[in-house]
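J.: I'm passing along structure_2.pdb; it holds PDB, C-alpha atoms.
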```pdb
ATOM      1  CA  MET A   1      76.967 100.122 104.235
ATOM      2  CA  ASN A   2      77.822  99.021 100.734
ATOM      3  CA  SER A   3      81.407  99.528  99.595
ATOM      4  CA  ASN A   4      80.303 102.289  97.205
ATOM      5  CA  GLU A   5      78.464 104.290  99.890
ATOM      6  CA  ILE A   6      79.810 107.185 101.929
ATOM      7  CA  ILE A   7      78.305 109.495 104.549
ATOM      8  CA  LEU A   8      79.118 113.146 103.892
ATOM      9  CA  PRO A   9      78.758 115.898 106.505
ATOM     10  CA  CYS A  10      77.411 118.854 104.527
ATOM     11  CA  ARG A  11      74.911 121.671 104.147
ATOM     12  CA  LEU A  12      71.828 121.047 102.022
ATOM     13  CA  SER A  13      70.993 123.208  99.023
ATOM     14  CA  TYR A  14      68.160 122.721  96.540
ATOM     15  CA  ALA A  15      66.789 120.054  98.907
ATOM     16  CA  ASN A  16      64.047 118.425  96.837
ATOM     17  CA  ILE A  17      63.930 115.494  99.238
ATOM     18  CA  TRP A  18      60.254 115.321 100.180
ATOM     19  CA  GLU A  19      58.610 114.998  96.770
ATOM     20  CA  ALA A  20      59.983 113.711  93.492
ATOM     21  CA  ARG A  21      60.143 116.323  90.743
ATOM     22  CA  GLN A  22      61.161 116.683  87.131
ATOM     23  CA  SER A  23      64.195 118.882  86.528
ATOM     24  CA  MET A  24      62.904 119.591  83.004
ATOM     25  CA  GLU A  25      59.711 118.660  81.208
ATOM     26  CA  GLY A  26      59.936 115.097  79.966
ATOM     27  CA  ASP A  27      62.574 114.053  82.537
ATOM     28  CA  LYS A  28      61.842 111.247  84.960
ATOM     29  CA  MET A  29      60.609 112.109  88.431
ATOM     30  CA  GLN A  30      63.442 112.246  90.979
ATOM     31  CA  TYR A  31      64.393 113.392  94.442
ATOM     32  CA  SER A  32      67.507 115.549  94.483
ATOM     33  CA  CYS A  33      69.774 117.598  96.684
ATOM     34  CA  CYS A  34      72.970 119.568  96.311
ATOM     35  CA  LEU A  35      75.475 118.813  99.080
ATOM     36  CA  LEU A  36      77.835 121.633 100.096
ATOM     37  CA  ILE A  37      81.081 120.365 101.638
ATOM     38  CA  PRO A  38      83.445 122.971 103.109
ATOM     39  CA  LYS A  39      86.895 122.893 101.510
ATOM     40  CA  THR A  40      88.307 122.995 105.042
ATOM     41  CA  ASP A  41      86.872 119.488 105.683
ATOM     42  CA  THR A  42      89.886 117.824 104.103
ATOM     43  CA  ALA A  43      89.226 114.446 105.761
ATOM     44  CA  THR A  44      85.806 114.149 104.081
ATOM     45  CA  ILE A  45      87.162 115.342 100.728
ATOM     46  CA  GLN A  46      89.990 112.779 100.894
ATOM     47  CA  ARG A  47      87.593 109.928 101.778
ATOM     48  CA  LEU A  48      85.332 110.927  98.877
ATOM     49  CA  GLN A  49      88.221 111.221  96.421
ATOM     50  CA  LYS A  50      89.509 107.783  97.473
ATOM     51  CA  LEU A  51      86.060 106.247  96.867
ATOM     52  CA  MET A  52      85.730 108.036  93.512
ATOM     53  CA  THR A  53      89.143 106.689  92.424
ATOM     54  CA  LYS A  54      88.053 103.153  93.373
ATOM     55  CA  ILE A  55      84.763 103.432  91.448
ATOM     56  CA  GLU A  56      86.571 104.932  88.411
ATOM     57  CA  SER A  57      89.130 102.091  88.414
ATOM     58  CA  GLU A  58      86.376  99.470  88.484
ATOM     59  CA  ALA A  59      84.415 101.277  85.759
ATOM     60  CA  VAL A  60      87.362 101.272  83.342
ATOM     61  CA  THR A  61      86.968  97.519  82.949
ATOM     62  CA  THR A  62      83.260  97.068  83.677
ATOM     63  CA  LYS A  63      81.624 100.066  81.951
ATOM     64  CA  TRP A  64      84.067 102.178  79.957
ATOM     65  CA  GLY A  65      85.654  99.696  77.562
ATOM     66  CA  GLY A  66      89.147  99.697  79.024
ATOM     67  CA  LYS A  67      89.897 103.400  79.356
ATOM     68  CA  LYS A  68      88.971 106.294  81.573
ATOM     69  CA  PRO A  69      87.110 109.167  79.862
ATOM     70  CA  ALA A  70      89.360 112.141  79.098
ATOM     71  CA  SER A  71      86.916 114.382  80.969
ATOM     72  CA  TYR A  72      83.397 114.401  82.308
ATOM     73  CA  ALA A  73      80.795 116.854  81.085
ATOM     74  CA  HIS A  74      79.519 117.103  84.664
ATOM     75  CA  PRO A  75      82.124 115.960  87.186
ATOM     76  CA  LEU A  76      80.817 114.538  90.452
ATOM     77  CA  LEU A  77      82.780 116.788  92.823
ATOM     78  CA  ARG A  78      82.643 120.398  91.711
ATOM     79  CA  ASP A  79      84.232 123.611  93.000
ATOM     80  CA  GLY A  80      81.707 126.145  94.295
ATOM     81  CA  ASP A  81      84.194 128.998  93.812
ATOM     82  CA  THR A  82      84.767 128.382  90.114
ATOM     83  CA  ASP A  83      81.864 126.331  88.727
ATOM     84  CA  PRO A  84      80.063 128.438  86.106
ATOM     85  CA  THR A  85      76.638 127.023  87.015
ATOM     86  CA  LYS A  86      76.761 128.713  90.424
ATOM     87  CA  GLY A  87      77.310 132.236  89.067
ATOM     88  CA  GLY A  88      79.150 133.526  92.117
ATOM     89  CA  ASP A  89      76.528 132.267  94.602
ATOM     90  CA  SER A  90      78.040 133.167  97.992
ATOM     91  CA  ASN A  91      76.489 130.061  99.589
ATOM     92  CA  TYR A  92      78.850 127.929  97.498
ATOM     93  CA  ALA A  93      81.981 129.979  98.264
ATOM     94  CA  GLY A  94      84.656 127.954 100.016
ATOM     95  CA  CYS A  95      82.833 124.695  99.282
ATOM     96  CA  TYR A  96      82.892 121.748  96.962
ATOM     97  CA  PHE A  97      79.488 120.425  95.971
ATOM     98  CA  ILE A  98      77.851 117.245  94.749
ATOM     99  CA  ASN A  99      74.428 116.809  93.190
ATOM    100  CA  ALA A 100      72.787 113.604  94.430
ATOM    101  CA  LYS A 101      69.571 112.083  93.077
ATOM    102  CA  ALA A 102      67.185 109.222  93.780
ATOM    103  CA  ASN A 103      64.514 107.777  91.526
ATOM    104  CA  ALA A 104      60.892 108.476  92.444
ATOM    105  CA  ASP A 105      60.355 104.864  93.524
ATOM    106  CA  HIS A 106      63.284 105.026  96.024
ATOM    107  CA  PRO A 107      62.789 108.137  98.204
ATOM    108  CA  PRO A 108      65.659 108.994 100.530
ATOM    109  CA  LYS A 109      65.235 108.126 104.189
ATOM    110  CA  ILE A 110      65.086 111.314 106.265
ATOM    111  CA  ILE A 111      66.022 111.027 109.935
ATOM    112  CA  ASP A 112      66.897 113.261 112.878
ATOM    113  CA  ALA A 113      70.077 113.248 114.992
ATOM    114  CA  ARG A 114      68.739 110.269 116.990
ATOM    115  CA  CYS A 115      67.938 108.290 113.812
ATOM    116  CA  ASN A 116      64.170 108.751 114.187
ATOM    117  CA  PRO A 117      62.161 109.399 111.014
ATOM    118  CA  VAL A 118      61.458 113.094 110.440
ATOM    119  CA  MET A 119      57.773 113.630 109.759
ATOM    120  CA  ASN A 120      57.628 117.434 109.667
ATOM    121  CA  ARG A 121      58.859 118.643 106.274
ATOM    122  CA  GLU A 122      59.807 122.030 107.751
ATOM    123  CA  GLU A 123      62.523 120.361 109.848
ATOM    124  CA  VAL A 124      64.849 119.395 106.964
ATOM    125  CA  TYR A 125      65.331 122.116 104.368
ATOM    126  CA  SER A 126      67.803 123.883 102.095
ATOM    127  CA  GLY A 127      70.286 125.498 104.455
ATOM    128  CA  CYS A 128      70.265 122.994 107.306
ATOM    129  CA  TYR A 129      73.263 120.803 108.043
ATOM    130  CA  ALA A 130      73.176 117.043 107.647
ATOM    131  CA  ASN A 131      75.036 113.804 107.271
ATOM    132  CA  VAL A 132      74.021 112.480 103.865
ATOM    133  CA  LYS A 133      74.587 108.926 102.695
ATOM    134  CA  VAL A 134      75.250 108.709  98.968
ATOM    135  CA  SER A 135      76.047 105.797  96.714
ATOM    136  CA  ILE A 136      78.765 106.620  94.167
ATOM    137  CA  TYR A 137      78.448 104.828  90.837
ATOM    138  CA  ALA A 138      79.811 104.965  87.306
ATOM    139  CA  TYR A 139      77.581 105.390  84.277
ATOM    140  CA  ASN A 140      77.931 104.906  80.542
ATOM    141  CA  ASN A 141      75.024 106.579  78.807
ATOM    142  CA  PRO A 142      75.166 106.680  74.996
ATOM    143  CA  LYS A 143      73.385 110.052  75.015
ATOM    144  CA  GLY A 144      74.824 111.489  78.225
ATOM    145  CA  GLY A 145      78.418 110.267  78.124
ATOM    146  CA  LYS A 146      80.460 108.568  80.790
ATOM    147  CA  GLY A 147      81.154 109.597  84.337
ATOM    148  CA  LEU A 148      80.432 109.240  88.016
ATOM    149  CA  SER A 149      77.225 110.107  89.799
ATOM    150  CA  ALA A 150      75.821 110.073  93.331
ATOM    151  CA  GLY A 151      72.661 108.299  94.394
ATOM    152  CA  LEU A 152      70.798 109.951  97.280
ATOM    153  CA  VAL A 153      70.215 107.278  99.950
ATOM    154  CA  ALA A 154      69.526 108.957 103.313
ATOM    155  CA  VAL A 155      69.631 112.341 105.059
ATOM    156  CA  GLN A 156      70.299 112.785 108.787
ATOM    157  CA  LYS A 157      69.730 116.345 109.967
ATOM    158  CA  THR A 158      72.450 117.441 112.363
ATOM    159  CA  LYS A 159      71.640 121.119 112.998
ATOM    160  CA  ASP A 160      69.736 124.136 111.752
ATOM    161  CA  GLY A 161      71.203 126.711 109.412
ATOM    162  CA  ALA A 162      70.036 129.838 107.635
ATOM    163  CA  ARG A 163      67.500 128.908 104.978
ATOM    164  CA  LEU A 164      68.709 129.096 101.400
ATOM    165  CA  GLY A 165      66.649 130.051  98.396
ATOM    166  CA  GLY A 166      65.294 133.426  99.379
ATOM    167  CA  ASP A 167      62.212 132.155 101.224
ATOM    168  CA  THR A 168      61.848 134.650 104.041
ATOM    169  CA  GLY A 169      58.263 133.654 104.772
ATOM    170  CA  THR A 170      56.415 136.408 106.569
ATOM    171  CA  ASP A 171      59.494 138.505 107.408
ATOM    172  CA  GLY A 172      58.831 142.200 106.850
ATOM    173  CA  PHE A 173      55.100 142.145 107.574
ATOM    174  CA  ALA A 174      53.620 144.111 110.477
ATOM    175  CA  PRO A 175      50.160 143.809 111.975
ATOM    176  CA  LEU A 176      47.646 146.094 110.275
ATOM    177  CA  SER A 177      46.164 148.914 112.300
ATOM    178  CA  GLN A 178      42.399 149.304 112.581
ATOM    179  CA  ASP A 179      42.585 152.215 110.089
ATOM    180  CA  ASP A 180      44.392 149.979 107.560
ATOM    181  CA  GLU A 181      41.818 147.217 108.006
ATOM    182  CA  ASP A 182      38.956 149.709 107.555
ATOM    183  CA  MET A 183      40.499 150.929 104.269
ATOM    184  CA  LEU A 184      40.635 147.357 102.963
ATOM    185  CA  SER A 185      36.972 146.674 103.744
TER     186      SER A 185
END
```
Could you render the structure from this file as structure tokens?
T.:
Amino acid sequence: MNSNEIILPCRLSYANIWEARQSMEGDKMQYSCCLLIPKTDTATIQRLQKLMTKIESEAVTTKWGGKKPASYAHPLLRDGDTDPTKGGDSNYAGCYFINAKANADHPPKIIDARCNPVMNREEVYSGCYANVKVSIYAYNNPKGGKGLSAGLVAVQKTKDGARLGGDTGTDGFAPLSQDDEDMLS
């Protein structure tokens, strides 16, 4: 692994990992995923904070002209209990979260627990648990400000979880009776 990479055990949310998409019209095509990290996983949070501090320190001299920004418009590690963009979403309660992205020409590798490529898109989804490798980097965008971001490198599914996003599929349907079918004809 590169020195700016870290593997985060997490739950996937908004897992746009199979096809690149635009977040808004005119944006570049990207893969993306929101990584939910339980606040109780203090070891992971500490490792991430240590890496973020290292990347920030390097960026002060290499990207930010000698001083750390007073604040970031969109901090890398955000609090799911208080972040206004989550609007009280119970899936984010008790978690920190990170949004990670990859450019369309660098799709994330998606593997199973044995490190075999996952071919079935239904296997890795919003709500499942995974180890996700991200690359933390600093940016200095004249239009978008300065800060830290996470590049989405690879996703290793570790276990199933309740699907997020309200897709209940065919739940609630019952087979039609012959009378119902006759009425539809």
J.: Excluding region 83-99 of chain A and its own-chain neighbours fewer than 4 positions away, which residues fall within 9 Å of it when counting only C-alpha atoms? Please give them as a list in words.
T.: Cys10, Ser13, Ser32, Cys33, Cys34, Leu35, Leu36, Ile37, Pro38, Lys39, Thr40, Ile45, Pro75, Leu76, Leu77, Arg78, Asp79, Ser149, Ala150, Gly151, Leu152 and Leu164 of chain A
J.: List, as a PyMOL selection string, every residue that the PyMOL selection byres ((chain A and resi 48-53) around 8) selects in the file provided.
T.: chain A and resi 4+6+44-47+54-57+136+148
J.: Name the residues that the PyMOL selection byres ((chain A and resi 72) around 9) pulls out of this structure, and write them as a PDB file with C-alpha atoms, in the frame of the given file.
T.:
```pdb
ATOM      1  CA  PRO A  69      87.110 109.167  79.862  1.00  0.00           C
ATOM      2  CA  ALA A  70      89.360 112.141  79.098  1.00  0.00           C
ATOM      3  CA  SER A  71      86.916 114.382  80.969  1.00  0.00           C
ATOM      4  CA  ALA A  73      80.795 116.854  81.085  1.00  0.00           C
ATOM      5  CA  HIS A  74      79.519 117.103  84.664  1.00  0.00           C
ATOM      6  CA  PRO A  75      82.124 115.960  87.186  1.00  0.00           C
ATOM      7  CA  LEU A  76      80.817 114.538  90.452  1.00  0.00           C
ATOM      8  CA  GLY A 145      78.418 110.267  78.124  1.00  0.00           C
ATOM      9  CA  LYS A 146      80.460 108.568  80.790  1.00  0.00           C
ATOM     10  CA  GLY A 147      81.154 109.597  84.337  1.00  0.00           C
ATOM     11  CA  LEU A 148      80.432 109.240  88.016  1.00  0.00           C
TER      12      LEU A 148
END
```
J.: Suppose a student applies the PyMOL selection byres ((chain A and resi 115) around 12) to this structure; what residues should they get, written as a list of chain:residue names?
T.: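 Taken on the displayed file, the PyMOL selection byres ((chain A and resi 115) around 12) yields the residues A:Lys109, A:Ile110, A:Ile111, A:Asp112, A:Ala113, A:Arg114, A:Asn116, A:Pro117, A:Val118, A:Ala130, A:Asn131, A:Ala154, A:Val155, A:Gln156, A:Lys157, A:Thr158.
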J.: Find the residues around Arg163 (chain A) up to 12 Å (all atoms listed in the file counted), leave out those fewer than 6 positions away in its own chain, and share them as number ranges by chain.
T.: A: 11-15, 91, 122-129, 169
J.: So what do you get for CA of His106 (chain A) versus CA of Tyr139 (chain A), distance-wise?
T.: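 CA of Tyr139 (chain A) lies at a distance of 18.5 Å from CA of His106 (chain A).
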J.: Just want the 10 Å neighbourhood of Pro107 (chain A), counted on all atoms listed in the file, with same-chain residues fewer than 2 positions away dropped. Output as a ChimeraX atom specification.
T.: /A:17-20,30-32,101-105,109-110,152-154
J.: I need the residue nearest Asn141 (chain A) from this list: A:Leu8, A:Met119, A:Met24, A:Lys63. Use all atoms listed in the file for the distance.
T.: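 Checking each candidate against Asn141 (chain A), we get A:Lys63 as the closest.
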J.: What is the distance, in Å and to one decimal place, between CA of Lys143 (chain A) and CA of Trp64 (chain A)?
T.: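 Distance reported for this atom pair: 14.2 Å.
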J.: For a test of reading the model, state the distance in Å between CA of Glu5 (chain A) and CA of Val134 (chain A), rounded to one decimal.
T.: 5.5 Å
